[in-house]
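Enquirer: The following file, start.pdb, comprises PDB, C-alpha atoms:
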```pdb
ATOM      1  CA  MET A   1     167.641 -77.234  -1.124
ATOM      2  CA  GLY A   2     165.619 -77.928   2.030
ATOM      3  CA  SER A   3     163.592 -75.507   4.108
ATOM      4  CA  GLU A   4     166.030 -75.775   7.022
ATOM      5  CA  GLN A   5     168.844 -74.498   4.821
ATOM      6  CA  ILE A   6     166.684 -71.696   3.405
ATOM      7  CA  ILE A   7     165.621 -70.675   6.941
ATOM      8  CA  GLN A   8     169.271 -70.702   7.990
ATOM      9  CA  TYR A   9     170.169 -68.425   5.070
ATOM     10  CA  ILE A  10     167.334 -66.050   5.970
ATOM     11  CA  GLN A  11     168.497 -65.967   9.595
ATOM     12  CA  GLU A  12     172.096 -65.272   8.530
ATOM     13  CA  TYR A  13     171.483 -62.826   5.676
ATOM     14  CA  SER A  14     168.054 -61.475   6.623
ATOM     15  CA  TYR A  15     165.537 -60.588   3.912
ATOM     16  CA  PHE A  16     168.278 -59.982   1.350
ATOM     17  CA  ILE A  17     168.408 -63.743   0.707
ATOM     18  CA  ILE A  18     164.776 -63.600  -0.480
ATOM     19  CA  PHE A  19     165.798 -60.929  -2.982
ATOM     20  CA  ILE A  20     168.778 -62.990  -4.197
ATOM     21  CA  PHE A  21     166.907 -66.280  -4.630
ATOM     22  CA  LEU A  22     164.042 -64.688  -6.547
ATOM     23  CA  PHE A  23     166.343 -62.582  -8.711
ATOM     24  CA  PHE A  24     168.339 -65.645  -9.765
ATOM     25  CA  GLY A  25     165.169 -67.668 -10.280
ATOM     26  CA  ILE A  26     163.769 -65.090 -12.692
ATOM     27  CA  VAL A  27     166.949 -64.776 -14.758
ATOM     28  CA  GLY A  28     167.017 -68.550 -15.244
ATOM     29  CA  ILE A  29     169.295 -69.897 -12.509
ATOM     30  CA  PRO A  30     167.457 -72.728 -10.668
ATOM     31  CA  SER A  31     165.944 -71.445  -7.426
ATOM     32  CA  PRO A  32     163.000 -72.593  -5.239
ATOM     33  CA  GLU A  33     160.815 -69.608  -6.162
ATOM     34  CA  GLU A  34     157.248 -70.721  -5.384
ATOM     35  CA  SER A  35     158.402 -72.745  -2.388
ATOM     36  CA  LEU A  36     160.369 -69.776  -1.064
ATOM     37  CA  LEU A  37     157.398 -67.397  -1.353
ATOM     38  CA  PHE A  38     155.120 -69.929   0.317
ATOM     39  CA  LEU A  39     157.728 -70.466   3.056
ATOM     40  CA  VAL A  40     157.926 -66.714   3.682
ATOM     41  CA  GLY A  41     154.173 -66.730   4.297
ATOM     42  CA  VAL A  42     154.372 -69.726   6.647
ATOM     43  CA  LEU A  43     157.252 -68.166   8.603
ATOM     44  CA  ALA A  44     155.309 -64.900   8.831
ATOM     45  CA  ALA A  45     152.351 -66.836  10.240
ATOM     46  CA  HIS A  46     154.690 -68.349  12.858
ATOM     47  CA  GLY A  47     156.024 -64.918  13.779
ATOM     48  CA  GLN A  48     159.519 -65.689  12.461
ATOM     49  CA  LEU A  49     159.407 -63.102   9.670
ATOM     50  CA  SER A  50     157.698 -59.826   8.945
ATOM     51  CA  MET A  51     155.239 -60.410   6.112
ATOM     52  CA  SER A  52     155.518 -56.770   4.987
ATOM     53  CA  TRP A  53     159.298 -56.971   4.636
ATOM     54  CA  GLY A  54     159.003 -60.404   3.053
ATOM     55  CA  ILE A  55     156.623 -59.096   0.388
ATOM     56  CA  LEU A  56     158.814 -56.034  -0.230
ATOM     57  CA  PHE A  57     162.018 -58.012  -0.800
ATOM     58  CA  ALA A  58     160.182 -60.664  -2.824
ATOM     59  CA  PHE A  59     158.781 -57.939  -5.069
ATOM     60  CA  LEU A  60     162.151 -56.205  -5.430
ATOM     61  CA  GLY A  61     163.995 -59.447  -6.264
ATOM     62  CA  THR A  62     161.381 -60.475  -8.817
ATOM     63  CA  PHE A  63     161.160 -57.050 -10.432
ATOM     64  CA  ALA A  64     164.953 -56.699 -10.591
ATOM     65  CA  GLY A  65     165.163 -60.114 -12.253
ATOM     66  CA  MET A  66     162.548 -59.092 -14.822
ATOM     67  CA  LEU A  67     164.504 -55.933 -15.659
ATOM     68  CA  ALA A  68     167.776 -57.852 -15.917
ATOM     69  CA  GLY A  69     166.127 -60.339 -18.285
ATOM     70  CA  TYR A  70     164.725 -57.515 -20.407
ATOM     71  CA  TYR A  71     168.093 -55.810 -20.880
ATOM     72  CA  ALA A  72     169.840 -59.136 -21.453
ATOM     73  CA  GLY A  73     167.372 -59.844 -24.246
ATOM     74  CA  LYS A  74     167.737 -56.343 -25.631
ATOM     75  CA  TYR A  75     171.530 -56.399 -25.812
ATOM     76  CA  VAL A  76     172.299 -60.102 -26.207
ATOM     77  CA  GLY A  77     169.366 -61.074 -28.407
ATOM     78  CA  TYR A  78     168.538 -64.377 -30.024
ATOM     79  CA  PRO A  79     171.333 -66.469 -28.450
ATOM     80  CA  ILE A  80     169.218 -66.321 -25.281
ATOM     81  CA  ILE A  81     166.364 -68.030 -27.132
ATOM     82  CA  ASN A  82     168.712 -70.709 -28.459
ATOM     83  CA  LYS A  83     169.799 -71.457 -24.893
ATOM     84  CA  TYR A  84     166.521 -71.221 -22.943
ATOM     85  CA  GLY A  85     163.796 -71.395 -25.578
ATOM     86  CA  LYS A  86     163.919 -75.181 -25.833
ATOM     87  CA  TRP A  87     162.311 -75.405 -22.387
ATOM     88  CA  VAL A  88     159.101 -73.908 -23.779
ATOM     89  CA  GLY A  89     159.444 -75.138 -27.359
ATOM     90  CA  LEU A  90     160.619 -71.791 -28.723
ATOM     91  CA  THR A  91     163.286 -71.716 -31.454
ATOM     92  CA  GLU A  92     164.750 -68.637 -33.137
ATOM     93  CA  GLU A  93     162.605 -69.263 -36.220
ATOM     94  CA  LYS A  94     159.440 -69.541 -34.127
ATOM     95  CA  ALA A  95     160.409 -66.415 -32.184
ATOM     96  CA  VAL A  96     160.443 -64.330 -35.374
ATOM     97  CA  LYS A  97     156.916 -65.496 -36.233
ATOM     98  CA  PHE A  98     155.879 -65.063 -32.604
ATOM     99  CA  GLU A  99     157.016 -61.432 -32.332
ATOM    100  CA  ALA A 100     153.820 -59.727 -33.551
ATOM    101  CA  GLN A 101     151.585 -61.923 -31.428
ATOM    102  CA  PHE A 102     153.769 -61.497 -28.353
ATOM    103  CA  THR A 103     153.906 -57.720 -28.708
ATOM    104  CA  MET A 104     150.140 -57.502 -29.098
ATOM    105  CA  ASN A 105     149.400 -59.768 -26.120
ATOM    106  CA  SER A 106     152.375 -58.786 -23.954
ATOM    107  CA  PRO A 107     150.370 -57.733 -20.849
ATOM    108  CA  LYS A 108     148.516 -61.046 -20.689
ATOM    109  CA  THR A 109     151.612 -63.099 -21.547
ATOM    110  CA  LEU A 110     153.781 -61.388 -18.949
ATOM    111  CA  ILE A 111     151.213 -61.600 -16.143
ATOM    112  CA  ILE A 112     150.327 -65.252 -16.823
ATOM    113  CA  GLY A 113     154.025 -65.975 -17.292
ATOM    114  CA  PHE A 114     154.719 -65.302 -13.629
ATOM    115  CA  PHE A 115     152.677 -68.378 -12.756
ATOM    116  CA  MET A 116     154.229 -70.560 -15.477
ATOM    117  CA  PRO A 117     157.803 -71.778 -14.838
ATOM    118  CA  GLY A 118     159.778 -71.592 -18.060
ATOM    119  CA  LEU A 119     157.631 -68.852 -19.529
ATOM    120  CA  ARG A 120     158.450 -66.765 -16.458
ATOM    121  CA  GLN A 121     162.150 -67.007 -17.352
ATOM    122  CA  VAL A 122     161.801 -66.584 -21.130
ATOM    123  CA  ALA A 123     159.225 -63.725 -21.261
ATOM    124  CA  PRO A 124     161.602 -60.992 -19.998
ATOM    125  CA  TYR A 125     164.211 -61.909 -22.629
ATOM    126  CA  LEU A 126     161.585 -61.910 -25.375
ATOM    127  CA  SER A 127     160.366 -58.496 -24.229
ATOM    128  CA  GLY A 128     163.880 -57.133 -24.609
ATOM    129  CA  ILE A 129     164.515 -58.891 -27.916
ATOM    130  CA  PHE A 130     161.257 -57.546 -29.357
ATOM    131  CA  SER A 131     161.988 -54.063 -27.901
ATOM    132  CA  LEU A 132     158.784 -53.794 -25.900
ATOM    133  CA  ASN A 133     158.361 -50.230 -24.625
ATOM    134  CA  ILE A 134     160.359 -50.111 -21.392
ATOM    135  CA  LEU A 135     157.879 -47.969 -19.441
ATOM    136  CA  ARG A 136     155.002 -50.223 -20.427
ATOM    137  CA  TYR A 137     157.105 -53.260 -19.587
ATOM    138  CA  MET A 138     158.028 -51.886 -16.158
ATOM    139  CA  LEU A 139     154.386 -51.119 -15.373
ATOM    140  CA  ILE A 140     153.199 -54.592 -16.387
ATOM    141  CA  THR A 141     156.013 -56.515 -14.708
ATOM    142  CA  GLY A 142     155.825 -54.339 -11.607
ATOM    143  CA  ALA A 143     152.158 -55.250 -11.198
ATOM    144  CA  GLY A 144     152.872 -58.899 -12.049
ATOM    145  CA  SER A 145     155.798 -59.129  -9.624
ATOM    146  CA  LEU A 146     153.659 -57.776  -6.805
ATOM    147  CA  LEU A 147     150.675 -59.995  -7.663
ATOM    148  CA  TRP A 148     152.791 -63.146  -7.896
ATOM    149  CA  SER A 149     154.704 -62.435  -4.686
ATOM    150  CA  ILE A 150     151.626 -61.533  -2.664
ATOM    151  CA  SER A 151     149.613 -64.503  -3.966
ATOM    152  CA  TYR A 152     152.047 -67.158  -2.770
ATOM    153  CA  ILE A 153     153.052 -65.378   0.433
ATOM    154  CA  LEU A 154     149.433 -64.800   1.474
ATOM    155  CA  LEU A 155     148.613 -68.412   0.633
ATOM    156  CA  GLY A 156     151.464 -69.562   2.856
ATOM    157  CA  TRP A 157     150.407 -67.156   5.588
ATOM    158  CA  GLY A 158     146.751 -68.211   5.392
ATOM    159  CA  LEU A 159     147.474 -71.938   5.505
ATOM    160  CA  GLY A 160     150.234 -71.464   8.058
ATOM    161  CA  SER A 161     147.830 -69.569  10.329
ATOM    162  CA  THR A 162     145.104 -72.189   9.962
ATOM    163  CA  PHE A 163     147.031 -75.459   9.993
ATOM    164  CA  PRO A 164     150.130 -76.586  11.938
ATOM    165  CA  ILE A 165     152.384 -76.615   8.876
ATOM    166  CA  ASN A 166     155.958 -77.715   9.500
ATOM    167  CA  PRO A 167     158.245 -75.416   7.453
ATOM    168  CA  ASN A 168     160.384 -78.438   6.556
ATOM    169  CA  TYR A 169     157.538 -79.766   4.405
ATOM    170  CA  VAL A 170     157.002 -76.504   2.545
ATOM    171  CA  PRO A 171     159.014 -77.525  -0.565
ATOM    172  CA  TYR A 172     156.568 -80.383  -1.136
ATOM    173  CA  LEU A 173     153.599 -78.048  -0.726
ATOM    174  CA  GLY A 174     155.221 -75.607  -3.147
ATOM    175  CA  VAL A 175     155.610 -78.332  -5.759
ATOM    176  CA  GLY A 176     151.996 -79.377  -5.233
ATOM    177  CA  LEU A 177     150.752 -75.826  -5.714
ATOM    178  CA  LEU A 178     152.894 -75.490  -8.823
ATOM    179  CA  VAL A 179     151.392 -78.661 -10.301
ATOM    180  CA  ILE A 180     147.873 -77.367  -9.588
ATOM    181  CA  VAL A 181     148.618 -74.050 -11.319
ATOM    182  CA  ILE A 182     150.107 -75.798 -14.365
ATOM    183  CA  LEU A 183     147.214 -78.273 -14.659
ATOM    184  CA  THR A 184     144.627 -75.492 -14.317
ATOM    185  CA  THR A 185     146.354 -73.450 -17.020
ATOM    186  CA  LEU A 186     146.609 -76.458 -19.351
ATOM    187  CA  ILE A 187     142.939 -77.304 -18.878
ATOM    188  CA  GLN A 188     141.932 -73.737 -19.695
ATOM    189  CA  TYR A 189     144.192 -73.779 -22.765
ATOM    190  CA  VAL A 190     142.714 -77.051 -24.049
ATOM    191  CA  ARG A 191     139.168 -75.774 -23.518
ATOM    192  CA  LYS A 192     139.983 -72.581 -25.409
ATOM    193  CA  LYS A 193     141.437 -74.530 -28.337
ATOM    194  CA  ARG A 194     138.386 -76.769 -28.472
ATOM    195  CA  LYS A 195     136.080 -73.746 -28.584
ATOM    196  CA  GLU A 196     138.149 -72.211 -31.365
ATOM    197  CA  ARG A 197     137.966 -75.447 -33.382
ATOM    198  CA  GLY A 198     134.216 -75.590 -32.819
ATOM    199  CA  LYS A 199     133.797 -72.161 -34.389
ATOM    200  CA  ILE A 200     135.620 -73.192 -37.553
TER     201      ILE A 200
END
```
Rewrite the coordinates I just gave you, this time as structure tokens.

Expert:
Amino acid sequence: MGSEQIIQYIQEYSYFIIFIFLFFGIVGIPSPEESLLFLVGVLAAHGQLSMSWGILFAFLGTFAGMLAGYYAGKYVGYPIINKYGKWVGLTEEKAVKFEAQFTMNSPKTLIIGFFMPGLRQVAPYLSGIFSLNILRYMLITGAGSLLWSISYILLGWGLGSTFPINPNYVPYLGVGLLVIVILTTLIQYVRKKRKERGKI
């Protein structure tokens, strides 16, 4: 889906389309999440959108998706893992062993998960399956939803205000940013594992 089509949707359906795209992206239906947030920032820099309203609807769509994923996991259970877990190497057997670790590290996992496609979609279901305390979950995911939304929108706004960015090229920038985030996370993970091995 190109930026022109996304801009057309925003013009036709206002900020509600931001809510819809992010909600579906979180629950696992393919959606240009990072690119959309970055585009919102660029459009705000060009005066075509209100950044405040963009952030609000991005937050609401993300948070609603996280809640939907939680309750789907809570009431549907392990079939969700069988369907989506393969994308992050998580089987039902691994999920059982993973439960204690996930519950203990849930704040870190959920926050980092926002910036990791795949984990972002699976984490809400796992939280529901493992019956994470709902108030704690809402607090963590509320903060994470806001942080994730603001980070990409402000990045788009900052670059859009500084450089003459054509909104039609935003999807490519979004993919580039996503690759950078993934590579940075992988490098940190490898370094951590090497340190742990060195202590043994």

Enquirer: How many Å separate atom CA of Asn133 of chain A from atom CA of Gly61 of chain A?

Expert: 21.3 Å

Enquirer: Rounded to one decimal, what separation in Å do you get between atom CA of Thr162 of chain A and atom CA of Leu43 of chain A?

Expert: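 It comes out at 12.9 Å.
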
Enquirer: Kindly extract all protein, DNA and RNA residues lying within 12 Å of the coordinates (152.9, -57.2, -28.7) given in the file, considering all atoms listed in the file, and supply them as a list in words.

Expert: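 The answer, in the requested form, is Lys97, Phe98, Glu99, Ala100, Gln101, Phe102, Thr103, Met104, Asn105, Ser106, Pro107, Lys108, Thr109, Leu110, Ala123, Leu126, Ser127, Gly128, Ile129, Phe130, Ser131, Leu132, Asn133, Arg136 and Tyr137 of chain A.
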
Enquirer: Which one is closest to Leu146 of chain A: A:Leu37, A:Ile112, A:Leu186, A:Ile55? Count all atoms listed in the file.

Expert: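 Closest residue, counting all atoms listed in the file: A:Ile55.
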
Enquirer: For the structure provided, state which residues fall under the PyMOL selection byres ((chain A and resi 161) around 10), and present them as a ChimeraX atom specification.

Expert: /A:41-46,155-160,162-165

Enquirer: Take the residues that were just selected and, keeping C-alpha atoms, output them as a compact mmCIF listing (two decimals), keeping the file's coordinate frame.

Expert:
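Saved result, out-v3.txt, follows:
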```txt
# COMPACT_ATOMS: atom_id res chain seq x y z
CA GLY A 41 154.17 -66.73 4.30
CA VAL A 42 154.37 -69.73 6.65
CA LEU A 43 157.25 -68.17 8.60
CA ALA A 44 155.31 -64.90 8.83
CA ALA A 45 152.35 -66.84 10.24
CA HIS A 46 154.69 -68.35 12.86
CA LEU A 155 148.61 -68.41 0.63
CA GLY A 156 151.46 -69.56 2.86
CA TRP A 157 150.41 -67.16 5.59
CA GLY A 158 146.75 -68.21 5.39
CA LEU A 159 147.47 -71.94 5.50
CA GLY A 160 150.23 -71.46 8.06
CA THR A 162 145.10 -72.19 9.96
CA PHE A 163 147.03 -75.46 9.99
CA PRO A 164 150.13 -76.59 11.94
CA ILE A 165 152.38 -76.61 8.88
```

Enquirer: A:Gly54, A:Gly113, A:Gly118, A:Gly69: which is nearest Phe23 of chain A, counting only C-alpha atoms?

Expert: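 Ranking A:Gly54, A:Gly113, A:Gly118, A:Gly69 by distance to Phe23 of chain A, first place goes to A:Gly69.
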
Enquirer: Atom CA of Phe63 of chain A to atom CA of Gln8 of chain A: how many Å, to one decimal?

Expert: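 Interatomic distance, atom CA of Phe63 of chain A to atom CA of Gln8 of chain A: 24.3 Å.
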
Enquirer: Specify as a list in words each residue included when the PyMOL selection byres ((chain A and resi 31) around 12) is applied to this file.

Expert: Met1, Gly2, Ile6, Ile17, Ile18, Phe19, Ile20, Phe21, Leu22, Phe23, Phe24, Gly25, Ile26, Val27, Gly28, Ile29, Pro30, Pro32, Glu33, Glu34, Ser35, Leu36, Leu37, Thr62, Pro117, Gln121 and Pro171 of chain A

Enquirer: Rank nothing, just name the residue among A:Lys74, A:Arg191, A:Arg120, A:Arg197 nearest to Thr141 of chain A, using all atoms listed in the file.

Expert: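 The closest residue to Thr141 of chain A is A:Arg120.
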
Enquirer: I need the residue nearest Ile134 of chain A from this list: A:Tyr70, A:Ile111, A:Arg194, A:Leu154. Use all atoms listed in the file for the distance.

Expert: A:Tyr70
